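Shown next: start-v5.cif, containing mmCIF, C-alpha atoms.
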data_final
#
loop_
_atom_site.label_atom_id
_atom_site.label_comp_id
_atom_site.auth_asym_id
_atom_site.auth_seq_id
_atom_site.Cartn_x
_atom_site.Cartn_y
_atom_site.Cartn_z
CA MET H 1 -8.11 49.42 29.05
CA ASN H 2 -8.73 52.71 27.23
CA ASN H 3 -5.59 54.81 26.96
CA LYS H 4 -5.44 58.34 25.63
CA VAL H 5 -3.41 59.87 22.81
CA ASP H 6 -0.68 62.27 23.88
CA ILE H 7 0.23 65.08 21.49
CA LEU H 8 3.58 66.76 20.94
CA LEU H 9 3.47 69.95 18.91
CA GLY H 10 5.31 73.21 18.31
CA LEU H 11 4.23 76.45 19.98
CA GLN H 12 6.06 78.92 17.74
CA TRP H 13 6.51 79.20 13.96
CA GLY H 14 7.88 75.69 13.53
CA ASP H 15 11.46 74.38 13.72
CA GLU H 16 11.20 74.02 17.51
CA GLY H 17 12.95 70.64 17.63
CA LYS H 18 9.97 68.28 17.57
CA GLY H 19 11.82 65.50 15.75
CA LYS H 20 14.46 65.18 18.44
CA LEU H 21 11.93 65.09 21.27
CA VAL H 22 9.68 62.55 19.55
CA ASP H 23 12.77 60.37 19.15
CA VAL H 24 13.61 60.84 22.86
CA LEU H 25 10.05 60.03 23.96
CA THR H 26 9.42 57.14 21.56
CA PRO H 27 10.64 54.38 23.94
CA ARG H 28 7.60 55.23 26.14
CA TYR H 29 5.10 54.63 23.32
CA ASP H 30 3.86 51.84 21.06
CA ILE H 31 2.69 54.01 18.15
CA ILE H 32 3.95 57.34 16.76
CA ALA H 33 1.46 59.03 14.42
CA ARG H 34 1.82 62.07 12.16
CA PHE H 35 -1.51 63.89 11.88
CA GLN H 36 -1.04 66.83 9.49
CA GLY H 37 1.36 68.60 7.12
CA GLY H 38 3.53 66.94 4.54
CA PRO H 39 7.02 67.16 3.06
CA ASN H 40 7.20 70.84 4.12
CA ALA H 41 8.10 69.43 7.55
CA GLY H 42 11.74 68.81 8.39
CA HIS H 43 12.19 66.91 11.64
CA THR H 44 15.88 66.61 12.52
CA LEU H 45 17.16 63.84 14.77
CA GLU H 46 20.77 63.42 15.85
CA PHE H 47 22.28 60.43 17.62
CA GLU H 48 25.48 58.40 17.52
CA GLY H 49 27.14 61.25 15.65
CA THR H 50 24.74 61.13 12.70
CA LYS H 51 22.06 63.61 11.67
CA HIS H 52 18.79 62.35 10.18
CA VAL H 53 16.09 64.55 8.59
CA LEU H 54 12.56 63.21 8.18
CA HIS H 55 9.88 64.96 6.14
CA THR H 56 6.81 62.71 6.16
CA ILE H 57 7.75 59.57 8.07
CA PRO H 58 7.16 59.80 11.86
CA SER H 59 10.21 60.35 14.05
CA GLY H 60 9.82 57.02 15.84
CA ILE H 61 11.02 55.08 12.81
CA PHE H 62 14.45 54.36 14.34
CA HIS H 63 12.96 52.36 17.23
CA GLY H 64 12.26 48.68 16.58
CA HIS H 65 9.34 48.22 18.97
CA VAL H 66 7.27 51.11 17.58
CA THR H 67 4.66 51.27 14.83
CA ASN H 68 4.80 54.51 12.82
CA LEU H 69 1.62 55.80 11.22
CA VAL H 70 1.17 58.47 8.55
CA GLY H 71 -2.37 59.62 9.35
CA ASN H 72 -5.23 60.75 7.15
CA GLY H 73 -4.51 64.44 7.80
CA VAL H 74 -1.09 64.24 6.15
CA VAL H 75 -0.47 65.01 2.47
CA ILE H 76 2.10 62.71 0.86
CA ASP H 77 4.39 63.44 -2.08
CA PRO H 78 5.28 59.99 -3.47
CA VAL H 79 8.59 61.31 -4.85
CA VAL H 80 9.79 62.72 -1.52
CA PHE H 81 8.36 59.73 0.32
CA ALA H 82 10.21 57.20 -1.84
CA LYS H 83 13.50 59.08 -1.43
CA GLU H 84 12.97 59.22 2.32
CA ILE H 85 12.41 55.48 2.43
CA ASP H 86 15.48 54.82 0.26
CA ALA H 87 17.65 56.93 2.59
CA LEU H 88 16.43 55.02 5.65
CA VAL H 89 16.85 51.62 4.03
CA ALA H 90 20.42 52.61 3.12
CA LYS H 91 20.99 53.06 6.87
CA GLN H 92 19.60 49.56 7.53
CA VAL H 93 16.34 50.87 8.97
CA PRO H 94 13.56 48.30 8.22
CA VAL H 95 11.06 50.97 7.21
CA ARG H 96 8.46 48.73 5.59
CA GLU H 97 8.08 46.61 8.71
CA ARG H 98 7.55 49.67 10.94
CA LEU H 99 5.42 51.95 8.75
CA LEU H 100 1.66 52.17 8.11
CA ILE H 101 -0.08 54.59 5.73
CA SER H 102 -3.64 55.85 6.02
CA ARG H 103 -5.84 55.03 3.07
CA LYS H 104 -7.41 58.48 3.46
CA ALA H 105 -4.18 60.53 3.33
CA HIS H 106 -4.12 62.84 0.31
CA VAL H 107 -1.49 62.68 -2.42
CA ILE H 108 0.58 65.53 -3.85
CA VAL H 109 0.83 65.22 -7.64
CA PRO H 110 3.45 66.97 -9.83
CA THR H 111 1.08 69.70 -10.98
CA HIS H 112 0.41 70.62 -7.34
CA ARG H 113 4.05 71.62 -7.13
CA LEU H 114 3.79 73.61 -10.36
CA LEU H 115 0.70 75.42 -9.05
CA ASP H 116 2.53 76.21 -5.83
CA ARG H 117 5.39 77.80 -7.78
CA ALA H 118 3.03 79.73 -10.03
CA SER H 119 0.91 81.03 -7.16
CA GLU H 120 3.94 82.19 -5.19
CA ALA H 121 5.51 83.83 -8.28
CA SER H 122 2.28 85.76 -8.92
CA LYS H 123 2.34 87.31 -5.43
CA GLY H 124 5.48 89.35 -6.06
CA GLU H 125 6.56 91.13 -2.88
CA SER H 126 3.55 89.67 -1.03
CA LYS H 127 4.98 86.13 -1.09
CA ILE H 128 3.97 84.07 1.94
CA GLY H 129 7.23 82.09 1.97
CA SER H 130 5.83 78.78 0.69
CA THR H 131 8.21 75.81 0.65
CA LEU H 132 6.93 75.18 -2.92
CA LYS H 133 6.28 71.52 -2.09
CA GLY H 134 2.70 71.55 -3.39
CA ILE H 135 1.22 71.45 0.11
CA GLY H 136 -1.24 74.34 -0.30
CA PRO H 137 -2.65 73.24 -3.68
CA SER H 138 -3.02 69.69 -2.36
CA TYR H 139 -5.05 70.84 0.65
CA MET H 140 -7.08 73.09 -1.68
CA ASP H 141 -8.02 70.06 -3.75
CA LYS H 142 -8.84 68.18 -0.56
CA THR H 143 -11.32 70.82 0.61
CA GLY H 144 -12.50 71.32 -3.00
CA ARG H 145 -13.26 67.59 -3.18
CA ASN H 146 -11.02 67.02 -6.16
CA GLY H 147 -8.04 65.35 -4.48
CA LEU H 148 -6.47 61.95 -4.88
CA ARG H 149 -6.05 59.81 -1.78
CA VAL H 150 -3.67 56.95 -1.06
CA GLY H 151 -6.58 54.53 -1.44
CA ASP H 152 -7.07 55.81 -4.99
CA LEU H 153 -3.57 54.64 -5.89
CA LEU H 154 -4.88 51.08 -5.59
CA SER H 155 -8.00 51.60 -7.71
CA ALA H 156 -8.36 50.20 -11.24
CA ASP H 157 -9.12 53.64 -12.67
CA PHE H 158 -6.25 55.47 -10.94
CA ASN H 159 -4.68 56.62 -14.23
CA ALA H 160 -7.96 58.19 -15.37
CA ARG H 161 -8.41 59.94 -12.03
CA TYR H 162 -4.86 61.23 -12.14
CA GLU H 163 -5.23 62.51 -15.70
CA ALA H 164 -8.47 64.34 -14.85
CA LEU H 165 -6.80 66.12 -11.92
CA LYS H 166 -3.75 66.95 -14.04
CA GLN H 167 -5.89 68.52 -16.77
CA LYS H 168 -7.73 70.62 -14.21
CA HIS H 169 -4.38 71.89 -12.93
CA MET H 170 -3.06 72.62 -16.43
CA HIS H 171 -6.13 74.77 -17.04
CA LEU H 172 -5.46 76.67 -13.81
CA LEU H 173 -1.80 77.15 -14.74
CA LYS H 174 -2.82 79.04 -17.87
CA GLY H 175 -4.08 81.80 -15.58
CA PHE H 176 -0.58 82.25 -14.18
CA GLU H 177 1.31 82.39 -17.49
CA GLU H 178 2.10 86.09 -17.03
CA HIS H 179 4.22 85.14 -14.00
CA TYR H 180 5.08 81.47 -14.52
CA LYS H 181 5.03 79.03 -17.43
CA ALA H 182 5.36 75.29 -16.90
CA ASP H 183 8.06 73.44 -18.82
CA PRO H 184 6.55 70.31 -20.48
CA ALA H 185 9.88 68.47 -20.40
CA GLU H 186 10.25 69.15 -16.67
CA LEU H 187 6.68 67.99 -16.04
CA GLN H 188 7.35 64.75 -17.90
CA THR H 189 10.38 64.06 -15.70
CA MET H 190 8.36 64.91 -12.59
CA GLU H 191 5.61 62.52 -13.66
CA GLU H 192 8.07 59.68 -14.22
CA GLU H 193 9.44 60.16 -10.70
CA PHE H 194 5.89 60.43 -9.36
CA MET H 195 4.80 57.12 -10.86
CA ARG H 196 7.86 55.39 -9.41
CA GLY H 197 6.95 56.84 -6.02
CA VAL H 198 3.34 55.69 -6.42
CA GLN H 199 4.59 52.14 -6.91
CA VAL H 200 6.67 52.40 -3.72
CA ILE H 201 3.56 53.45 -1.75
CA ARG H 202 1.50 50.63 -3.25
CA GLU H 203 3.98 48.15 -1.82
CA LEU H 204 3.63 49.53 1.73
CA THR H 205 1.01 48.59 4.32
CA ILE H 206 -2.03 50.77 3.65
CA ILE H 207 -4.76 50.74 6.31
CA ASP H 208 -7.97 52.33 7.52
CA SER H 209 -6.04 54.26 10.13
CA GLU H 210 -8.96 55.60 12.17
CA HIS H 211 -10.01 52.03 12.98
CA PHE H 212 -6.41 51.06 13.75
CA ILE H 213 -5.88 53.99 16.14
CA ASN H 214 -9.10 53.44 18.08
CA LYS H 215 -8.65 49.67 18.32
CA SER H 216 -5.09 50.27 19.55
CA LEU H 217 -6.40 52.56 22.28
CA LYS H 218 -8.86 49.89 23.41
CA GLU H 219 -5.99 47.40 23.53
CA GLY H 220 -4.09 49.70 25.90
CA LYS H 221 -1.46 50.80 23.39
CA ARG H 222 0.34 54.08 24.13
CA ILE H 223 0.14 56.56 21.25
CA LEU H 224 1.98 59.83 20.60
CA ALA H 225 0.65 62.17 17.91
CA GLU H 226 3.50 64.08 16.25
CA GLY H 227 2.71 67.55 14.98
CA ALA H 228 4.49 69.37 12.16
CA GLN H 229 5.19 73.11 11.70
CA GLY H 230 4.05 75.21 14.69
CA SER H 231 0.94 76.64 16.32
CA MET H 232 1.58 80.13 14.98
CA LEU H 233 1.37 78.67 11.48
CA ASP H 234 -2.07 77.13 12.02
CA ILE H 235 -4.50 77.88 9.17
CA ASP H 236 -7.12 79.20 11.63
CA PHE H 237 -5.14 80.55 14.58
CA GLY H 238 -1.76 81.44 13.07
CA THR H 239 -0.53 84.71 11.59
CA TYR H 240 -2.81 84.46 8.56
CA PRO H 241 -2.19 84.59 5.60
CA PHE H 242 1.43 83.76 6.42
CA VAL H 243 0.52 80.28 7.61
CA THR H 244 0.55 76.67 6.46
CA SER H 245 -2.50 74.90 5.00
CA SER H 246 -3.42 72.60 7.88
CA ASN H 247 -4.45 72.71 11.53
CA THR H 248 -1.18 72.45 13.42
CA VAL H 249 -2.82 72.79 16.85
CA ALA H 250 -3.96 69.97 19.15
CA ALA H 251 -7.44 69.86 17.62
CA GLY H 252 -5.80 68.86 14.33
CA ALA H 253 -4.86 65.52 15.87
CA CYS H 254 -8.56 64.67 16.23
CA THR H 255 -9.39 65.24 12.56
CA GLY H 256 -5.96 64.14 11.33
CA LEU H 257 -6.14 60.73 13.02
CA GLY H 258 -9.85 60.12 13.60
CA ILE H 259 -9.87 60.29 17.39
CA ALA H 260 -12.49 61.94 19.59
CA PRO H 261 -11.55 65.00 21.69
CA ASN H 262 -12.06 63.02 24.92
CA ARG H 263 -9.32 60.62 23.82
CA ILE H 264 -6.63 63.33 24.14
CA GLY H 265 -4.28 62.99 27.11
CA GLU H 266 -1.14 65.06 27.63
CA VAL H 267 -0.52 68.01 25.30
CA ILE H 268 3.22 68.61 25.23
CA GLY H 269 4.17 72.02 23.86
CA ILE H 270 7.70 72.45 22.56
CA PHE H 271 9.43 75.82 22.15
CA LYS H 272 12.88 77.28 21.69
CA ALA H 273 14.51 79.35 24.43
CA TYR H 274 14.31 82.09 21.79
CA THR H 275 12.13 82.37 18.66
CA THR H 276 12.67 81.74 14.96
CA ARG H 277 10.62 82.04 11.81
CA VAL H 278 11.20 81.04 8.18
CA GLY H 279 9.66 82.95 5.28
CA GLY H 280 7.40 85.98 5.31
CA GLY H 281 4.97 87.24 7.90
CA PRO H 282 5.02 89.36 11.07
CA PHE H 283 7.54 88.52 13.78
CA PRO H 284 7.32 91.05 16.66
CA THR H 285 10.57 90.11 18.44
CA GLU H 286 12.73 89.67 15.32
CA LEU H 287 16.31 90.90 15.68
CA ASN H 288 17.78 92.37 12.52
CA ASP H 289 21.12 93.01 14.16
CA GLU H 290 24.28 91.27 15.36
CA THR H 291 22.38 89.62 18.22
CA GLY H 292 19.98 87.97 15.78
CA GLU H 293 22.89 86.94 13.57
CA ALA H 294 24.67 85.42 16.57
CA MET H 295 21.57 83.36 17.41
CA ARG H 296 21.38 82.18 13.81
CA LYS H 297 25.04 81.21 13.66
CA VAL H 298 25.33 79.41 16.99
CA GLY H 299 21.89 77.81 16.67
CA ASN H 300 22.55 76.75 13.05
CA GLU H 301 19.23 78.29 12.17
CA TYR H 302 18.77 77.19 8.59
CA GLY H 303 15.67 75.31 7.43
CA SER H 304 16.08 71.53 7.28
CA THR H 305 13.58 71.41 4.40
CA THR H 306 14.35 74.63 2.49
CA GLY H 307 17.87 75.53 3.65
CA ARG H 308 16.68 79.11 4.09
CA ALA H 309 18.13 81.22 6.90
CA ARG H 310 15.71 81.48 9.79
CA ARG H 311 14.79 84.85 11.24
CA CYS H 312 15.70 85.00 14.95
CA GLY H 313 14.42 86.92 17.97
CA TRP H 314 13.63 86.76 21.68
CA VAL H 315 10.84 84.71 23.28
CA ASP H 316 7.41 86.29 22.77
CA LEU H 317 5.18 85.67 25.81
CA PRO H 318 1.88 86.98 24.32
CA ALA H 319 2.29 84.57 21.39
CA MET H 320 3.33 81.74 23.72
CA ARG H 321 0.38 82.30 26.08
CA TYR H 322 -1.92 82.24 23.08
CA ALA H 323 -0.45 78.97 21.79
CA CYS H 324 -0.70 77.36 25.25
CA MET H 325 -4.35 78.45 25.49
CA ILE H 326 -5.40 77.25 22.03
CA ASN H 327 -3.72 73.87 22.51
CA GLY H 328 -4.57 73.24 26.14
CA VAL H 329 -0.89 72.60 26.82
CA THR H 330 -0.26 70.53 29.95
CA GLN H 331 3.54 70.64 29.95
CA LEU H 332 6.33 72.47 28.17
CA ILE H 333 9.67 71.44 26.70
CA MET H 334 12.33 74.11 26.16
CA MET H 335 14.83 73.56 23.36
CA LYS H 336 18.20 75.10 22.55
CA ALA H 337 18.92 76.65 25.93
CA ASP H 338 22.60 76.17 25.02
CA VAL H 339 22.34 78.72 22.19
CA LEU H 340 21.62 81.54 24.66
CA SER H 341 24.80 80.84 26.67
CA GLN H 342 26.56 83.50 24.56
CA PHE H 343 24.44 86.41 25.86
CA ASP H 344 24.97 88.42 29.07
CA THR H 345 21.32 89.50 29.07
CA ILE H 346 18.28 87.46 28.02
CA ARG H 347 15.33 89.52 26.86
CA VAL H 348 11.67 88.44 26.96
CA CYS H 349 8.74 90.20 25.30
CA THR H 350 6.25 90.56 28.16
CA HIS H 351 3.48 92.46 26.36
CA TYR H 352 2.71 94.64 23.34
CA LYS H 353 2.13 98.36 23.17
CA THR H 354 -0.81 99.21 20.87
CA ALA H 355 -2.74 102.33 19.89
CA THR H 356 -5.35 101.48 22.52
CA GLY H 357 -2.92 100.63 25.33
CA ASN H 358 -0.81 97.71 26.50
CA THR H 359 -1.94 94.11 26.04
CA GLU H 360 -0.67 90.68 27.04
CA ASP H 361 -3.04 89.05 24.54
CA LEU H 362 -2.21 88.27 20.93
CA PRO H 363 -4.07 90.77 18.71
CA PHE H 364 -5.81 89.93 15.44
CA ASP H 365 -3.04 91.72 13.54
CA ILE H 366 0.55 91.84 14.84
CA SER H 367 1.98 93.86 11.97
CA PRO H 368 4.92 96.07 13.05
CA SER H 369 2.91 99.22 12.33
CA LEU H 370 0.25 98.20 14.86
CA ILE H 371 2.14 96.74 17.80
CA GLU H 372 5.43 97.31 19.60
CA PRO H 373 6.99 94.61 21.78
CA VAL H 374 7.87 95.60 25.35
CA TYR H 375 10.72 93.66 26.98
CA GLY H 376 11.85 92.55 30.38
CA ASP H 377 15.47 91.52 31.00
CA LEU H 378 16.97 88.56 32.84
CA LYS H 379 20.58 87.78 33.59
CA GLY H 380 22.31 85.38 31.18
CA TRP H 381 24.17 82.31 32.37
CA GLY H 382 27.29 82.48 30.19
CA VAL H 383 28.11 78.81 30.73
CA ASP H 384 28.47 75.98 28.20
CA LEU H 385 25.52 73.67 28.84
CA THR H 386 26.17 70.99 26.25
CA ALA H 387 27.92 68.51 28.59
CA MET H 388 25.30 68.82 31.35
CA ARG H 389 22.94 65.89 31.93
CA GLU H 390 21.33 66.66 35.31
CA GLU H 391 19.13 69.56 36.42
CA SER H 392 21.38 70.08 39.43
CA SER H 393 24.20 71.03 37.04
CA LEU H 394 22.30 73.89 35.44
CA PRO H 395 23.45 77.42 36.33
CA SER H 396 21.16 79.34 38.66
CA GLU H 397 20.52 82.02 36.02
CA LEU H 398 19.09 79.39 33.64
CA SER H 399 16.99 77.95 36.48
CA ASP H 400 15.69 81.49 37.11
CA TYR H 401 14.81 81.84 33.40
CA ILE H 402 12.93 78.53 33.46
CA THR H 403 11.06 79.44 36.66
CA TYR H 404 10.13 82.84 35.22
CA LEU H 405 8.71 81.29 32.02
CA GLU H 406 6.79 78.67 34.00
CA ALA H 407 5.17 81.38 36.09
CA GLN H 408 4.29 83.53 33.09
CA LEU H 409 2.86 80.61 31.09
CA GLU H 410 1.31 78.87 34.10
CA THR H 411 2.61 75.54 32.80
CA PRO H 412 5.51 73.37 34.01
CA ILE H 413 8.65 73.05 31.89
CA THR H 414 9.42 69.34 32.24
CA VAL H 415 12.37 69.02 29.86
CA VAL H 416 15.27 71.27 28.87
CA SER H 417 17.38 70.46 25.82
CA VAL H 418 21.03 71.53 25.89
CA GLY H 419 22.19 70.26 22.49
CA PRO H 420 21.07 68.47 19.32
CA ASP H 421 21.89 64.90 20.35
CA ARG H 422 19.21 62.76 22.00
CA THR H 423 21.48 62.40 25.06
CA GLN H 424 21.58 66.18 25.58
CA THR H 425 18.15 66.18 27.18
CA ILE H 426 17.46 66.96 30.84
CA GLU H 427 14.20 65.89 32.51
CA ARG H 428 13.36 68.26 35.36
CA LYS H 429 10.31 66.51 36.74
CA PRO H 430 9.32 62.87 37.26
CA ALA H 431 8.47 61.02 34.02
CA ILE H 432 6.82 63.58 31.75
CA VAL H 433 4.32 61.06 30.33
#

So that I can check it, write out the structure of this file as structure tokens.
Amino acid sequence: MNNKVDILLGLQWGDEGKGKLVDVLTPRYDIIARFQGGPNAGHTLEFEGTKHVLHTIPSGIFHGHVTNLVGNGVVIDPVVFAKEIDALVAKQVPVRERLLISRKAHVIVPTHRLLDRASEASKGESKIGSTLKGIGPSYMDKTGRNGLRVGDLLSADFNARYEALKQKHMHLLKGFEEHYKADPAELQTMEEEFMRGVQVIRELTIIDSEHFINKSLKEGKRILAEGAQGSMLDIDFGTYPFVTSSNTVAAGACTGLGIAPNRIGEVIGIFKAYTTRVGGGPFPTELNDETGEAMRKVGNEYGSTTGRARRCGWVDLPAMRYACMINGVTQLIMMKADVLSQFDTIRVCTHYKTATGNTEDLPFDISPSLIEPVYGDLKGWGVDLTAMREESSLPSELSDYITYLEAQLETPITVVSVGPDRTQTIERKPAIV
């Protein structure tokens, strides 16, 4: 039997709630696989009154029957990774028995983090909002064919390879000394932590993940690919240059796991009932007023990785249509409908006004000076949704909002989330996968 790989990914600028939904869907799968990104991800799961934040480890780790794979497209920081494992082990989660690591995944070294800081400092007011986790420099070394991979951690000449990469980075850092100067004492401490983390990874199960994935498909195993960040942060199709360093869209699962395009099954797009963004970059529907602040406060919109306040605004249909198109989304999941219960009117950006006329398409440049969002209004529901567990309980105004979005995006919304806990999840259609 040849199964297909389903993909769950974000359709906005990240922080859509992917961790929770992967956790909810995990019982239906045998393998959960991360295919891109690194410790810049922050997937939050909440159940039994406890909040868990994962950065690199797939969100299926809390389920005993599931194998969790960190794929070749992911970049791993051994320091963050080791801490993540320690935190899970402290909660009696048998991580080592449930986790596999791709031999081809790239490794973030301490000087990657220093380069990230230096590069961002040199940009001044043009900062892109990097998480400063070393993600960008690591992917640069990957494409520049200088990087270290997990398989290299096991090689006899690992120390020599590491030292050569470090010296290359130290040379590059000299070019940033006007804006940033590395502290040798800090680097030494970072390296000590790094080497401890390297040893933790060496003791895990390291595999040729592309063979594992494809053999698992032949064996009839069900696989869910877990995306990180969001489609509007994709290196090719996002709001460049204010993007991440990897392909966050569905195609990234093919290169990030080693699966052919014809092995892709369902593409599940996840979005908030409103929109948020962390860091710099254009955001057409951003609300710099009390409405935006109310969204931030009620939605607890602060980055799980950075702690930074998220920018908030209404749903942007041109951006959503674009993300659905690029990903080939087959079904939608709407998160945080409960946050909008506080508003009498729900606004939706239906199209943009440009110098050449109105457009429902996403332009090359969505800078505020070039486009103006045009809104339509729907009636709010004004009802606390957090105790609801059945679609029949939902207020008619929310049902109208859902129906409207389905029609505009030409894609069914199969799940509505009404709170952070895994139980606060309403399936609207028969089994979504």

*Find the spatial neighbours of Asp183 (chain H), counting all atoms listed in the file, within a cut-off of 10 Å - ignore same-chain residues fewer than 4 positions away - and output them as a ChimeraX atom specification.*
/H:114,187-188

*Pick from H:Glu226, H:Glu301, H:Glu372, H:Asp152: nearest to Ile270 (chain H), with all atoms listed in the file counted?*
H:Glu226

*Proximity to Gly14 (chain H) - best of H:Gly279, H:Gly124, H:Gly220, H:Pro368, all atoms listed in the file*: H:Gly279

*Expected selection from the PyMOL selection byres ((chain H and resi 390-404) around 8), given as a ChimeraX atom specification*: /H:378-381,383,385,388-389,405-408,413,426-428

*asked:* Using all atoms listed in the file - which residues lie no farther than 7 Å from the point (3.5, 65.9, 17.1) in the file's frame? Write them as a ChimeraX atom specification.
replied: /H:7-9,18,34,225-228

Please write the residues from the selection above to a file, keeping C-alpha atoms, as a PDB file, in the coordinates of the input.
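Final output, result19.pdb:
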ATOM      1  CA  ILE H   7       0.230  65.080  21.490  1.00  0.00           C
ATOM      2  CA  LEU H   8       3.580  66.760  20.940  1.00  0.00           C
ATOM      3  CA  LEU H   9       3.470  69.950  18.910  1.00  0.00           C
ATOM      4  CA  LYS H  18       9.970  68.280  17.570  1.00  0.00           C
ATOM      5  CA  ARG H  34       1.820  62.070  12.160  1.00  0.00           C
ATOM      6  CA  ALA H 225       0.650  62.170  17.910  1.00  0.00           C
ATOM      7  CA  GLU H 226       3.500  64.080  16.250  1.00  0.00           C
ATOM      8  CA  GLY H 227       2.710  67.550  14.980  1.00  0.00           C
ATOM      9  CA  ALA H 228       4.490  69.370  12.160  1.00  0.00           C
TER      10      ALA H 228
END

*Evaluating the PyMOL selection byres ((chain H and resi 192-194) around 9) on the displayed file yields which residues, as a ChimeraX atom specification?*
/H:77-79,109-110,187-191,195-199

*Work out how far CA of Ala250 (chain H) is from CA of Leu21 (chain H), in Å to one decimal.*
16.8 Å

*Do a neighbour search on Gly147 (chain H) at 9 Å with only C-alpha atoms, toss out local chain neighbours closer than 2 positions, and write the hits as number ranges by chain.*
H: 106-108, 138-145, 149, 165

Taking C-alpha atoms for each residue, export the selection above as a PDB file, in the coordinates of the input.
ATOM      1  CA  HIS H 106      -4.120  62.840   0.310  1.00  0.00           C
ATOM      2  CA  VAL H 107      -1.490  62.680  -2.420  1.00  0.00           C
ATOM      3  CA  ILE H 108       0.580  65.530  -3.850  1.00  0.00           C
ATOM      4  CA  SER H 138      -3.020  69.690  -2.360  1.00  0.00           C
ATOM      5  CA  TYR H 139      -5.050  70.840   0.650  1.00  0.00           C
ATOM      6  CA  MET H 140      -7.080  73.090  -1.680  1.00  0.00           C
ATOM      7  CA  ASP H 141      -8.020  70.060  -3.750  1.00  0.00           C
ATOM      8  CA  LYS H 142      -8.840  68.180  -0.560  1.00  0.00           C
ATOM      9  CA  THR H 143     -11.320  70.820   0.610  1.00  0.00           C
ATOM     10  CA  GLY H 144     -12.500  71.320  -3.000  1.00  0.00           C
ATOM     11  CA  ARG H 145     -13.260  67.590  -3.180  1.00  0.00           C
ATOM     12  CA  ARG H 149      -6.050  59.810  -1.780  1.00  0.00           C
ATOM     13  CA  LEU H 165      -6.800  66.120 -11.920  1.00  0.00           C
TER      14      LEU H 165
END

*Ground truth for the PyMOL selection byres ((chain H and resi 37) around 7), written as a VMD selection string*: chain H and resid 36 38 40 to 41 74 to 75 228 246

*Computed interatomic separation between CA of Thr306 (chain H) and CA of Leu287 (chain H) (Å)*: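 Straight-line distance from CA of Thr306 (chain H) to CA of Leu287 (chain H) works out to 21.0 Å.
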
*Which residue, H:Gly256, H:Gly307, H:Gly313, H:Gly238, has the smallest gap to Met295 (chain H) when you use only C-alpha atoms?*
H:Gly313

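Each of H:Glu203, H:Asp208, H:Asp316, H:Glu266 was compared to Gly328 (chain H) using all atoms listed in the file, and H:Glu266 turns out to be the nearest.
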
*asked:* Just want the 7 Å neighbourhood of Leu257 (chain H), counted on all atoms listed in the file, with same-chain residues fewer than 2 positions away dropped. Output as JSON, numbers by chain.
replied: {"H": [35, 71, 72, 73, 210, 253, 254, 255, 259]}

*To one decimal place, how far is CA of Asp289 (chain H) from CA of Ser130 (chain H) in Å?*
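Atom-to-atom, CA of Asp289 (chain H) to CA of Ser130 (chain H), that is 24.9 Å.
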
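Among the candidate residues H:Val22, H:Val416, H:Leu317, H:Leu362, the one lying nearest to Lys336 (chain H) is H:Val416, with distances computed using only C-alpha atoms.
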
_Residues within 10 Å of (-10.9, 52.0, 27.0), counting only C-alpha atoms, listed as an MDAnalysis selection string_ = chainID H and resid 1:4 214:220 263

May I have the selected residues written with C-alpha atoms, as a PDB file, keeping the file's coordinate frame?
ATOM      1  CA  MET H   1      -8.110  49.420  29.050  1.00  0.00           C
ATOM      2  CA  ASN H   2      -8.730  52.710  27.230  1.00  0.00           C
ATOM      3  CA  ASN H   3      -5.590  54.810  26.960  1.00  0.00           C
ATOM      4  CA  LYS H   4      -5.440  58.340  25.630  1.00  0.00           C
ATOM      5  CA  ASN H 214      -9.100  53.440  18.080  1.00  0.00           C
ATOM      6  CA  LYS H 215      -8.650  49.670  18.320  1.00  0.00           C
ATOM      7  CA  SER H 216      -5.090  50.270  19.550  1.00  0.00           C
ATOM      8  CA  LEU H 217      -6.400  52.560  22.280  1.00  0.00           C
ATOM      9  CA  LYS H 218      -8.860  49.890  23.410  1.00  0.00           C
ATOM     10  CA  GLU H 219      -5.990  47.400  23.530  1.00  0.00           C
ATOM     11  CA  GLY H 220      -4.090  49.700  25.900  1.00  0.00           C
ATOM     12  CA  ARG H 263      -9.320  60.620  23.820  1.00  0.00           C
TER      13      ARG H 263
END

Could region 244-249 of chain H be completed with N, CA and C atoms and returned as a PDB file, in the frame of the given file?
ATOM      1  N   THR H 244       0.579  77.888   7.262  1.00  0.00           N
ATOM      2  CA  THR H 244       0.550  76.670   6.460  1.00  0.00           C
ATOM      3  C   THR H 244      -0.912  76.350   6.131  1.00  0.00           C
ATOM      4  N   SER H 245      -1.163  75.203   5.516  1.00  0.00           N
ATOM      5  CA  SER H 245      -2.500  74.900   5.000  1.00  0.00           C
ATOM      6  C   SER H 245      -3.266  73.898   5.836  1.00  0.00           C
ATOM      7  N   SER H 246      -2.773  73.606   7.038  1.00  0.00           N
ATOM      8  CA  SER H 246      -3.420  72.600   7.880  1.00  0.00           C
ATOM      9  C   SER H 246      -3.565  73.118   9.297  1.00  0.00           C
ATOM     10  N   ASN H 247      -4.312  72.379  10.113  1.00  0.00           N
ATOM     11  CA  ASN H 247      -4.450  72.710  11.530  1.00  0.00           C
ATOM     12  C   ASN H 247      -3.315  72.073  12.306  1.00  0.00           C
ATOM     13  N   THR H 248      -2.379  72.912  12.723  1.00  0.00           N
ATOM     14  CA  THR H 248      -1.180  72.450  13.420  1.00  0.00           C
ATOM     15  C   THR H 248      -1.401  72.332  14.924  1.00  0.00           C
ATOM     16  N   VAL H 249      -2.544  72.788  15.414  1.00  0.00           N
ATOM     17  CA  VAL H 249      -2.820  72.790  16.850  1.00  0.00           C
ATOM     18  C   VAL H 249      -3.365  71.432  17.282  1.00  0.00           C
TER      19      VAL H 249
END
